[in-house]
Amino acid sequence: MYTRLTRSRLLSALSHINHEKDQTIKFLATLSTCTVFCVTVIWLRDVNCPLYDLTLPLLIKFVDPEKCHKLSIYMAKRKLFPIDTWPNPPSLGTSIGPLRLSNPLGIAAGFDKDAEAPLEILKLGYGFIEVGTVVLNPQPGNIKPRLWRIPSHLSLVNSYGFNSKGIDVMVKNLKSARARQSNDNLVKSSLIGVSIGRNKESTTFVKDLSICVSKVAAYADYIAINVSSPNTKNLRDSQSNQALRELITTAQRILNELNPDSFCNTYRRKPLLCVKISPDLTDDQIQDIAKVALECKLDALIVCNTTVSRPRILVEEKLPGEYTANELPGGLSGLLLRDISTKLVHKVYKYTGGRVPIIASGGIFSGHDVLTKIEAGASACQIFTGMIYQGPKTANKIKKDLCQILSARGYTSISDAVGRAHREG
(Lines give C-alpha, C1' and ligand atoms only; values in the text may rest on other atoms or scores of the structure.)
Protein backbone atom coordinates (compact mmCIF):
# COMPACT_ATOMS: atom_id res chain seq x y z
CA MET A 1 0.00 0.00 0.00
CA TYR A 2 2.77 2.41 0.98
CA THR A 3 4.77 1.39 -2.11
CA ARG A 4 1.76 2.05 -4.37
CA LEU A 5 1.21 5.47 -2.80
CA THR A 6 4.86 6.42 -3.18
CA ARG A 7 4.88 5.27 -6.80
CA SER A 8 1.71 7.27 -7.51
CA ARG A 9 3.17 10.40 -5.95
CA LEU A 10 6.40 9.90 -7.87
CA LEU A 11 4.55 9.53 -11.18
CA SER A 12 2.47 12.60 -10.39
CA ALA A 13 5.59 14.60 -9.60
CA LEU A 14 7.29 13.43 -12.78
CA SER A 15 4.18 14.32 -14.79
CA HIS A 16 4.15 17.78 -13.22
CA ILE A 17 7.85 18.23 -13.98
CA ASN A 18 7.33 17.13 -17.59
CA HIS A 19 4.36 19.49 -17.94
CA GLU A 20 6.41 22.39 -16.59
CA LYS A 21 9.25 21.39 -18.91
CA ASP A 22 6.88 21.37 -21.89
CA GLN A 23 5.51 24.75 -20.87
CA THR A 24 9.04 26.13 -20.52
CA ILE A 25 10.00 24.79 -23.95
CA LYS A 26 6.84 26.28 -25.48
CA PHE A 27 7.52 29.60 -23.78
CA LEU A 28 11.13 29.65 -24.98
CA ALA A 29 10.07 28.65 -28.50
CA THR A 30 7.44 31.41 -28.56
CA LEU A 31 9.92 33.92 -27.15
CA SER A 32 12.53 32.92 -29.73
CA THR A 33 10.01 33.16 -32.57
CA CYS A 34 8.85 36.59 -31.42
CA THR A 35 12.44 37.76 -31.01
CA VAL A 36 13.40 36.54 -34.49
CA PHE A 37 10.26 38.15 -35.93
CA CYS A 38 10.94 41.49 -34.21
CA VAL A 39 14.60 41.49 -35.22
CA THR A 40 13.63 40.63 -38.82
CA VAL A 41 11.05 43.43 -38.92
CA ILE A 42 13.57 45.92 -37.52
CA TRP A 43 16.17 44.63 -40.00
CA LEU A 44 13.78 44.98 -42.94
CA ARG A 45 12.81 48.49 -41.83
CA ASP A 46 16.38 49.64 -42.41
CA VAL A 47 17.00 51.00 -45.92
CA ASN A 48 20.46 49.39 -45.84
CA CYS A 49 19.11 45.89 -45.15
CA PRO A 50 21.23 43.49 -47.30
CA LEU A 51 18.12 41.54 -48.27
CA TYR A 52 17.12 44.34 -50.64
CA ASP A 53 20.48 44.08 -52.40
CA LEU A 54 19.82 40.36 -52.90
CA THR A 55 16.24 40.62 -54.14
CA LEU A 56 16.50 43.74 -56.33
CA PRO A 57 18.62 42.13 -59.11
CA LEU A 58 16.13 39.23 -59.24
CA LEU A 59 13.18 41.60 -59.58
CA ILE A 60 14.97 43.53 -62.33
CA LYS A 61 15.82 40.35 -64.20
CA PHE A 62 12.60 38.37 -63.89
CA VAL A 63 9.66 40.69 -63.12
CA ASP A 64 7.92 43.04 -65.56
CA PRO A 65 8.97 46.64 -64.77
CA GLU A 66 5.43 48.03 -64.51
CA LYS A 67 4.46 45.20 -62.14
CA CYS A 68 7.48 46.09 -60.00
CA HIS A 69 6.34 49.71 -60.02
CA LYS A 70 2.85 48.74 -58.87
CA LEU A 71 4.29 46.42 -56.21
CA SER A 72 6.38 49.29 -54.84
CA ILE A 73 3.34 51.56 -54.50
CA TYR A 74 1.34 48.69 -52.96
CA MET A 75 4.03 48.12 -50.32
CA ALA A 76 4.38 51.83 -49.62
CA LYS A 77 0.62 52.24 -49.11
CA ARG A 78 0.70 49.45 -46.54
CA LYS A 79 3.67 51.01 -44.74
CA LEU A 80 5.97 48.14 -45.72
CA PHE A 81 8.71 50.43 -47.00
CA PRO A 82 11.94 50.69 -44.98
CA ILE A 83 12.92 53.94 -43.28
CA ASP A 84 16.06 56.06 -43.45
CA THR A 85 16.77 57.32 -39.93
CA TRP A 86 20.15 58.88 -40.76
CA PRO A 87 20.02 62.52 -39.58
CA ASN A 88 20.56 65.04 -42.36
CA PRO A 89 23.59 67.21 -41.49
CA PRO A 90 23.18 71.00 -41.85
CA SER A 91 25.56 71.00 -44.83
CA LEU A 92 22.93 69.18 -46.93
CA GLY A 93 20.27 71.83 -46.37
CA THR A 94 19.16 73.79 -49.43
CA SER A 95 16.30 75.95 -50.67
CA ILE A 96 13.99 76.22 -53.64
CA GLY A 97 13.17 79.89 -53.42
CA PRO A 98 11.65 80.43 -49.96
CA LEU A 99 11.12 76.71 -49.34
CA ARG A 100 13.75 75.11 -47.13
CA LEU A 101 14.79 71.47 -47.66
CA SER A 102 16.60 69.18 -45.21
CA ASN A 103 18.52 67.69 -48.14
CA PRO A 104 18.60 68.30 -51.91
CA LEU A 105 17.20 64.92 -52.99
CA GLY A 106 13.65 64.48 -54.24
CA ILE A 107 11.58 61.86 -56.02
CA ALA A 108 10.62 62.91 -59.54
CA ALA A 109 7.08 62.89 -60.88
CA GLY A 110 5.97 59.57 -62.30
CA PHE A 111 6.69 57.33 -59.34
CA ASP A 112 3.68 58.10 -57.14
CA LYS A 113 1.28 59.16 -59.86
CA ASP A 114 -1.83 59.56 -57.68
CA ALA A 115 -0.25 60.57 -54.35
CA GLU A 116 -1.09 57.19 -52.83
CA ALA A 117 1.88 57.03 -50.44
CA PRO A 118 3.97 60.25 -50.51
CA LEU A 119 4.92 60.18 -46.82
CA GLU A 120 6.08 56.57 -46.89
CA ILE A 121 8.23 57.28 -49.96
CA LEU A 122 9.70 60.39 -48.34
CA LYS A 123 10.80 58.24 -45.40
CA LEU A 124 13.31 56.55 -47.69
CA GLY A 125 15.40 59.64 -46.98
CA TYR A 126 14.22 62.23 -49.50
CA GLY A 127 13.70 65.92 -48.78
CA PHE A 128 10.80 66.26 -51.18
CA ILE A 129 8.59 64.35 -53.60
CA GLU A 130 6.74 65.42 -56.73
CA VAL A 131 3.53 63.42 -57.13
CA GLY A 132 1.71 63.04 -60.44
CA THR A 133 1.66 63.78 -63.24
CA VAL A 134 -2.06 64.25 -62.61
CA VAL A 135 -4.61 65.28 -65.23
CA LEU A 136 -8.09 66.73 -64.85
CA ASN A 137 -10.06 63.60 -65.79
CA PRO A 138 -9.15 59.95 -65.17
CA GLN A 139 -7.41 58.24 -68.08
CA PRO A 140 -5.68 54.85 -68.50
CA GLY A 141 -2.60 56.09 -70.33
CA ASN A 142 -1.00 54.37 -73.31
CA ILE A 143 -1.30 50.69 -74.13
CA LYS A 144 1.02 48.15 -72.47
CA PRO A 145 3.86 47.39 -72.50
CA ARG A 146 4.88 50.96 -71.79
CA LEU A 147 7.88 50.67 -69.48
CA TRP A 148 11.18 49.02 -70.43
CA ARG A 149 14.46 48.57 -68.62
CA ILE A 150 17.86 48.88 -70.28
CA PRO A 151 19.90 47.46 -67.37
CA SER A 152 23.21 47.40 -69.24
CA HIS A 153 23.04 51.21 -69.32
CA LEU A 154 21.10 51.76 -66.06
CA SER A 155 18.34 53.42 -68.06
CA LEU A 156 14.60 53.21 -68.65
CA VAL A 157 12.24 54.04 -71.48
CA ASN A 158 8.67 54.86 -70.52
CA SER A 159 5.60 55.53 -72.60
CA TYR A 160 3.06 55.71 -69.76
CA GLY A 161 1.10 58.61 -71.23
CA PHE A 162 -0.11 60.21 -67.98
CA ASN A 163 -2.07 57.26 -66.61
CA SER A 164 -3.96 58.99 -63.82
CA LYS A 165 -7.00 58.56 -61.58
CA GLY A 166 -7.73 62.25 -62.04
CA ILE A 167 -7.40 65.41 -59.96
CA ASP A 168 -10.23 64.60 -57.52
CA VAL A 169 -8.59 61.35 -56.39
CA MET A 170 -5.25 63.15 -56.11
CA VAL A 171 -6.78 65.86 -53.88
CA LYS A 172 -8.43 63.26 -51.64
CA ASN A 173 -5.13 61.41 -51.19
CA LEU A 174 -3.17 64.60 -50.52
CA LYS A 175 -5.69 65.78 -47.96
CA SER A 176 -5.22 62.52 -46.07
CA ALA A 177 -1.42 62.72 -46.33
CA ARG A 178 -1.30 66.30 -45.06
CA ALA A 179 -3.46 65.38 -42.05
CA ARG A 180 -0.93 62.70 -41.07
CA GLN A 181 2.22 64.63 -41.96
CA SER A 182 1.97 67.25 -39.22
CA ASN A 183 2.19 64.50 -36.57
CA ASP A 184 5.09 62.62 -38.14
CA ASN A 185 8.48 64.00 -37.13
CA LEU A 186 10.30 62.08 -39.87
CA VAL A 187 8.53 63.97 -42.66
CA LYS A 188 7.04 67.01 -40.92
CA SER A 189 9.26 69.45 -42.83
CA SER A 190 9.36 67.56 -46.16
CA LEU A 191 7.85 69.08 -49.30
CA ILE A 192 5.21 67.63 -51.60
CA GLY A 193 5.03 69.07 -55.10
CA VAL A 194 2.32 68.28 -57.65
CA SER A 195 2.93 67.82 -61.38
CA ILE A 196 -0.03 68.74 -63.61
CA GLY A 197 -0.38 67.67 -67.23
CA ARG A 198 -2.96 67.54 -70.00
CA ASN A 199 -5.47 64.81 -70.80
CA LYS A 200 -4.66 62.99 -74.04
CA GLU A 201 -7.76 64.16 -75.91
CA SER A 202 -8.08 67.60 -74.32
CA THR A 203 -7.89 70.73 -76.45
CA THR A 204 -8.37 73.07 -73.48
CA PHE A 205 -5.12 72.76 -71.51
CA VAL A 206 -5.32 76.28 -70.09
CA LYS A 207 -8.84 75.73 -68.75
CA ASP A 208 -7.98 72.25 -67.44
CA LEU A 209 -4.87 73.59 -65.73
CA SER A 210 -6.80 76.35 -63.99
CA ILE A 211 -9.28 73.81 -62.56
CA CYS A 212 -6.49 71.48 -61.40
CA VAL A 213 -4.51 74.31 -59.80
CA SER A 214 -7.54 75.64 -57.93
CA LYS A 215 -8.33 72.17 -56.56
CA VAL A 216 -4.85 71.05 -55.53
CA ALA A 217 -3.14 74.29 -54.49
CA ALA A 218 -4.09 74.02 -50.82
CA TYR A 219 -2.12 70.78 -50.48
CA ALA A 220 0.90 71.46 -52.71
CA ASP A 221 4.18 73.09 -51.72
CA TYR A 222 4.83 73.69 -55.39
CA ILE A 223 2.97 73.06 -58.62
CA ALA A 224 4.86 71.92 -61.71
CA ILE A 225 3.31 72.43 -65.13
CA ASN A 226 4.40 69.45 -67.22
CA VAL A 227 4.68 70.70 -70.80
CA SER A 228 7.49 68.34 -71.76
CA SER A 229 6.37 64.71 -71.63
CA PRO A 230 7.00 63.07 -75.02
CA ASN A 231 4.14 60.62 -74.45
CA THR A 232 1.19 62.99 -74.98
CA LYS A 233 0.76 64.16 -78.56
CA ASN A 234 1.56 67.84 -79.17
CA LEU A 235 2.08 68.53 -75.46
CA ARG A 236 5.58 69.86 -76.11
CA ASP A 237 4.09 72.58 -78.30
CA SER A 238 3.09 74.21 -75.01
CA GLN A 239 6.76 75.14 -74.50
CA SER A 240 6.48 77.80 -77.20
CA ASN A 241 6.64 81.41 -76.01
CA GLN A 242 3.00 82.42 -76.19
CA ALA A 243 1.53 79.08 -75.10
CA LEU A 244 3.88 78.80 -72.12
CA ARG A 245 3.29 82.38 -71.10
CA GLU A 246 -0.49 81.83 -71.10
CA LEU A 247 -0.21 78.69 -68.97
CA ILE A 248 2.06 80.39 -66.43
CA THR A 249 0.02 83.59 -66.10
CA THR A 250 -3.24 81.63 -65.82
CA ALA A 251 -1.86 79.46 -63.01
CA GLN A 252 -0.39 82.51 -61.26
CA ARG A 253 -3.73 84.31 -61.41
CA ILE A 254 -5.53 81.33 -59.85
CA LEU A 255 -2.93 81.06 -57.08
CA ASN A 256 -3.09 84.77 -56.31
CA GLU A 257 -6.88 84.64 -55.97
CA LEU A 258 -6.85 81.87 -53.35
CA ASN A 259 -7.51 82.57 -49.68
CA PRO A 260 -4.14 82.61 -47.85
CA ASP A 261 -5.78 80.81 -44.91
CA SER A 262 -6.73 77.85 -47.10
CA PHE A 263 -3.22 76.43 -47.44
CA CYS A 264 -2.47 73.28 -45.43
CA ASN A 265 0.85 72.43 -47.08
CA THR A 266 4.19 72.18 -45.26
CA TYR A 267 4.81 75.91 -44.85
CA ARG A 268 1.16 77.05 -44.88
CA ARG A 269 1.80 79.39 -47.79
CA LYS A 270 0.94 79.83 -51.46
CA PRO A 271 2.63 77.08 -53.49
CA LEU A 272 5.47 77.93 -55.83
CA LEU A 273 4.88 77.61 -59.57
CA CYS A 274 7.37 75.66 -61.70
CA VAL A 275 7.60 74.44 -65.28
CA LYS A 276 9.20 71.16 -66.33
CA ILE A 277 11.03 71.42 -69.64
CA SER A 278 12.25 68.99 -72.30
CA PRO A 279 15.87 67.98 -72.94
CA ASP A 280 15.19 68.04 -76.68
CA LEU A 281 15.09 71.82 -77.11
CA THR A 282 17.13 73.93 -79.50
CA ASP A 283 19.32 76.65 -78.07
CA ASP A 284 16.88 79.30 -79.29
CA GLN A 285 14.01 77.52 -77.54
CA ILE A 286 15.99 77.33 -74.29
CA GLN A 287 16.68 81.06 -74.43
CA ASP A 288 13.02 81.72 -75.18
CA ILE A 289 11.89 79.69 -72.15
CA ALA A 290 14.46 81.45 -69.96
CA LYS A 291 13.09 84.81 -71.13
CA VAL A 292 9.49 83.80 -70.35
CA ALA A 293 10.52 82.47 -66.93
CA LEU A 294 12.21 85.76 -66.05
CA GLU A 295 9.46 88.00 -67.41
CA CYS A 296 6.71 85.98 -65.69
CA LYS A 297 8.73 85.74 -62.46
CA LEU A 298 8.44 81.96 -62.47
CA ASP A 299 9.44 80.40 -59.15
CA ALA A 300 11.53 77.53 -60.57
CA LEU A 301 12.31 75.41 -63.62
CA ILE A 302 12.57 71.62 -63.52
CA VAL A 303 15.34 70.49 -65.86
CA CYS A 304 14.52 68.09 -67.41
CA ASN A 305 12.02 65.48 -68.60
CA THR A 306 12.86 62.30 -70.54
CA THR A 307 14.40 62.48 -74.02
CA VAL A 308 13.18 61.09 -77.33
CA SER A 309 16.75 61.06 -78.64
CA ARG A 310 18.62 57.75 -78.67
CA PRO A 311 22.40 57.47 -78.35
CA ARG A 312 24.13 55.39 -81.00
CA ILE A 313 25.16 52.91 -78.33
CA LEU A 314 21.56 51.60 -78.24
CA VAL A 315 21.36 50.64 -81.93
CA GLU A 316 22.47 47.05 -81.32
CA GLU A 317 20.99 46.69 -77.82
CA LYS A 318 18.57 43.73 -77.90
CA LEU A 319 15.63 43.56 -75.50
CA PRO A 320 12.95 40.92 -74.85
CA GLY A 321 9.98 41.40 -77.16
CA GLU A 322 9.58 43.16 -80.48
CA TYR A 323 11.89 46.14 -79.99
CA THR A 324 15.57 46.90 -79.91
CA ALA A 325 16.46 49.49 -77.29
CA ASN A 326 16.88 52.07 -80.04
CA GLU A 327 13.32 51.52 -81.32
CA LEU A 328 11.43 51.79 -78.03
CA PRO A 329 8.66 54.41 -78.08
CA GLY A 330 8.67 56.98 -75.32
CA GLY A 331 11.13 58.92 -73.20
CA LEU A 332 14.59 57.75 -72.18
CA SER A 333 15.79 58.34 -68.61
CA GLY A 334 18.66 57.22 -66.42
CA LEU A 335 22.39 57.14 -66.99
CA LEU A 336 22.05 57.84 -70.72
CA LEU A 337 20.26 61.12 -69.91
CA ARG A 338 22.79 62.29 -67.31
CA ASP A 339 25.12 64.41 -69.44
CA ILE A 340 22.28 65.82 -71.56
CA SER A 341 20.53 66.96 -68.40
CA THR A 342 23.65 68.50 -66.88
CA LYS A 343 24.40 70.51 -70.04
CA LEU A 344 20.82 71.79 -70.08
CA VAL A 345 21.00 72.81 -66.41
CA HIS A 346 24.18 74.74 -67.22
CA LYS A 347 22.49 76.55 -70.13
CA VAL A 348 19.32 77.40 -68.23
CA TYR A 349 21.31 78.81 -65.31
CA LYS A 350 23.39 80.86 -67.76
CA TYR A 351 20.40 82.20 -69.71
CA THR A 352 18.47 83.10 -66.54
CA GLY A 353 21.52 84.60 -64.86
CA GLY A 354 20.93 82.28 -61.92
CA ARG A 355 17.75 84.20 -61.06
CA VAL A 356 15.36 81.25 -61.49
CA PRO A 357 15.95 78.30 -59.13
CA ILE A 358 16.54 75.01 -60.93
CA ILE A 359 15.48 71.52 -59.87
CA ALA A 360 17.66 69.09 -61.83
CA SER A 361 16.48 65.68 -62.98
CA GLY A 362 18.16 63.08 -65.14
CA GLY A 363 20.73 60.35 -64.53
CA ILE A 364 21.44 60.83 -60.83
CA PHE A 365 23.00 57.79 -59.16
CA SER A 366 25.68 59.17 -56.82
CA GLY A 367 26.77 62.09 -54.69
CA HIS A 368 29.10 63.12 -57.51
CA ASP A 369 26.15 63.26 -59.92
CA VAL A 370 24.26 65.51 -57.50
CA LEU A 371 27.18 67.87 -56.97
CA THR A 372 27.81 68.10 -60.72
CA LYS A 373 24.20 69.19 -61.24
CA ILE A 374 24.42 71.69 -58.37
CA GLU A 375 27.67 73.20 -59.62
CA ALA A 376 26.01 73.53 -63.04
CA GLY A 377 23.27 75.61 -61.40
CA ALA A 378 20.71 73.39 -59.67
CA SER A 379 19.47 74.03 -56.13
CA ALA A 380 17.95 70.55 -55.73
CA CYS A 381 17.81 67.26 -57.63
CA GLN A 382 15.17 64.66 -58.45
CA ILE A 383 15.71 60.92 -58.71
CA PHE A 384 13.64 58.23 -60.42
CA THR A 385 15.63 55.73 -62.46
CA GLY A 386 18.48 55.76 -59.93
CA MET A 387 16.12 54.45 -57.26
CA ILE A 388 14.73 51.79 -59.60
CA TYR A 389 18.21 50.29 -60.04
CA GLN A 390 19.66 50.96 -56.57
CA GLY A 391 16.64 50.32 -54.39
CA PRO A 392 15.60 51.71 -50.99
CA LYS A 393 19.12 52.69 -49.92
CA THR A 394 19.53 55.18 -52.80
CA ALA A 395 18.93 58.41 -50.87
CA ASN A 396 20.92 57.26 -47.84
CA LYS A 397 23.87 56.22 -50.00
CA ILE A 398 23.86 59.42 -52.08
CA LYS A 399 23.55 61.72 -49.05
CA LYS A 400 26.51 60.13 -47.27
CA ASP A 401 28.51 60.22 -50.48
CA LEU A 402 27.58 63.87 -51.04
CA CYS A 403 28.61 64.86 -47.51
CA GLN A 404 32.09 63.47 -48.06
CA ILE A 405 32.47 65.15 -51.45
CA LEU A 406 31.27 68.53 -50.15
CA SER A 407 33.83 68.36 -47.35
CA ALA A 408 36.61 67.25 -49.71
CA ARG A 409 35.83 70.15 -52.07
CA GLY A 410 35.81 72.68 -49.24
CA TYR A 411 32.08 73.46 -49.37
CA THR A 412 30.31 74.14 -46.08
CA SER A 413 26.84 73.91 -47.63
CA ILE A 414 24.92 73.12 -50.80
CA SER A 415 24.32 76.84 -51.42
CA ASP A 416 28.09 77.39 -51.66
CA ALA A 417 28.20 75.01 -54.63
CA VAL A 418 25.17 76.26 -56.61
CA GLY A 419 26.39 77.56 -59.99
CA ARG A 420 30.06 77.19 -59.05
CA ALA A 421 30.93 75.94 -62.55
CA HIS A 422 29.94 79.35 -63.94
CA ARG A 423 32.10 81.27 -61.48
CA GLU A 424 35.09 79.11 -62.34
CA GLY A 425 34.71 79.92 -66.02
# chains A, B, ... in the order shown; residues from 1 in each chain; ligands from 1

call {"tool": "residues_around", "arguments": {"residues": "A:Leu186", "least_positions_apart": "2", "cutoff": "7 Å", "atoms": "only C-alpha atoms", "output": "ChimeraX atom specification"}}
result
/A:123,184,188

call {"tool": "write_last_selection", "arguments": {"atoms": "N, CA and C atoms", "output": "mmCIF file, in the first residue's frame"}}
result
data_model
loop_
_atom_site.group_PDB
_atom_site.id
_atom_site.type_symbol
_atom_site.label_atom_id
_atom_site.label_comp_id
_atom_site.auth_asym_id
_atom_site.auth_seq_id
_atom_site.Cartn_x
_atom_site.Cartn_y
_atom_site.Cartn_z
ATOM 1 N N LYS A 123 10.048 58.836 -46.506
ATOM 2 C CA LYS A 123 10.800 58.238 -45.396
ATOM 3 C C LYS A 123 11.984 57.399 -45.860
ATOM 4 N N ASP A 184 4.016 63.579 -37.852
ATOM 5 C CA ASP A 184 5.086 62.617 -38.143
ATOM 6 C C ASP A 184 6.411 63.358 -38.235
ATOM 7 N N LYS A 188 7.799 65.790 -41.243
ATOM 8 C CA LYS A 188 7.043 67.009 -40.925
ATOM 9 C C LYS A 188 7.462 68.197 -41.787
#

call {"tool": "residues_around", "arguments": {"residues": "stretch 239-252 of chain A", "least_positions_apart": "4", "cutoff": "9 Å", "atoms": "only C-alpha atoms", "output": "ChimeraX atom specification"}}
result
/A:205-207,209-210,213-214,225,227-228,235,256-257,273-275,277-278,285,288-289,291-293,296,298

call {"tool": "residues_around", "arguments": {"residues": "A:Ala300", "least_positions_apart": "5", "cutoff": "8 Å", "atoms": "only C-alpha atoms", "output": "PDB file with N, CA and C atoms, in the first residue's frame"}}
result
ATOM      1  N   ILE A  96      14.576  75.913 -52.341  1.00  0.00           N
ATOM      2  CA  ILE A  96      13.989  76.219 -53.644  1.00  0.00           C
ATOM      3  C   ILE A  96      13.196  77.502 -53.426  1.00  0.00           C
ATOM      4  N   GLY A  97      13.786  78.613 -53.764  1.00  0.00           N
ATOM      5  CA  GLY A  97      13.171  79.893 -53.425  1.00  0.00           C
ATOM      6  C   GLY A  97      13.041  80.006 -51.917  1.00  0.00           C
ATOM      7  N   LEU A 272       4.658  77.401 -54.743  1.00  0.00           N
ATOM      8  CA  LEU A 272       5.469  77.932 -55.832  1.00  0.00           C
ATOM      9  C   LEU A 272       4.948  77.376 -57.153  1.00  0.00           C
ATOM     10  N   LEU A 273       5.263  78.070 -58.229  1.00  0.00           N
ATOM     11  CA  LEU A 273       4.882  77.608 -59.567  1.00  0.00           C
ATOM     12  C   LEU A 273       6.140  77.313 -60.372  1.00  0.00           C
ATOM     13  N   CYS A 274       6.206  76.100 -60.916  1.00  0.00           N
ATOM     14  CA  CYS A 274       7.368  75.657 -61.699  1.00  0.00           C
ATOM     15  C   CYS A 274       6.903  75.156 -63.067  1.00  0.00           C
ATOM     16  N   VAL A 275       7.849  75.045 -63.966  1.00  0.00           N
ATOM     17  CA  VAL A 275       7.596  74.443 -65.285  1.00  0.00           C
ATOM     18  C   VAL A 275       8.673  73.396 -65.537  1.00  0.00           C
ATOM     19  N   VAL A 356      16.483  82.187 -61.600  1.00  0.00           N
ATOM     20  CA  VAL A 356      15.357  81.255 -61.486  1.00  0.00           C
ATOM     21  C   VAL A 356      15.894  79.943 -60.910  1.00  0.00           C
ATOM     22  N   PRO A 357      15.468  79.557 -59.711  1.00  0.00           N
ATOM     23  CA  PRO A 357      15.952  78.298 -59.135  1.00  0.00           C
ATOM     24  C   PRO A 357      15.693  77.119 -60.060  1.00  0.00           C
ATOM     25  N   ILE A 358      16.640  76.181 -60.053  1.00  0.00           N
ATOM     26  CA  ILE A 358      16.545  75.005 -60.927  1.00  0.00           C
ATOM     27  C   ILE A 358      16.484  73.738 -60.086  1.00  0.00           C
ATOM     28  N   ILE A 359      15.531  72.879 -60.422  1.00  0.00           N
ATOM     29  CA  ILE A 359      15.484  71.522 -59.874  1.00  0.00           C
ATOM     30  C   ILE A 359      15.950  70.600 -60.992  1.00  0.00           C
TER      31      ILE A 359
END

call {"tool": "residues_around", "arguments": {"residues": "stretch 86-94 of chain A", "least_positions_apart": "4", "cutoff": "8 Å", "atoms": "only C-alpha atoms", "output": "list in words"}}
result
Arg100, Leu101, Ser102, Asn103, Pro104, Gly125, Ser379, Ala380, Asn396, Lys399, Cys403, Thr412, Ser413, Ile414 and Ser415 of chain A

call {"tool": "residues_around", "arguments": {"residues": "stretch 179-182 of chain A", "least_positions_apart": "6", "cutoff": "9 Å", "atoms": "only C-alpha atoms", "output": "PyMOL selection string"}}
result
chain A and resi 119+188-190+264+266

call {"tool": "residues_around", "arguments": {"residues": "A:Ala290", "least_positions_apart": "5", "cutoff": "8 Å", "atoms": "only C-alpha atoms", "output": "PyMOL selection string"}}
result
chain A and resi 348+351-352

call {"tool": "write_last_selection", "arguments": {"atoms": "C-alpha atoms", "output": "PDB file, in the first residue's frame"}}
result
ATOM      1  CA  VAL A 348      19.318  77.399 -68.225  1.00  0.00           C
ATOM      2  CA  TYR A 351      20.398  82.201 -69.708  1.00  0.00           C
ATOM      3  CA  THR A 352      18.467  83.104 -66.544  1.00  0.00           C
TER       4      THR A 352
END

call {"tool": "residues_around", "arguments": {"residues": "stretch 57-69 of chain A", "least_positions_apart": "6", "cutoff": "8 Å", "atoms": "only C-alpha atoms", "output": "count of residues only"}}
result
6

call {"tool": "closest_residue", "arguments": {"among": "A:Val157, A:Val345, A:Val216, A:Ile167", "to": "A:Arg310", "atoms": "only C-alpha atoms"}}
result
A:Val157
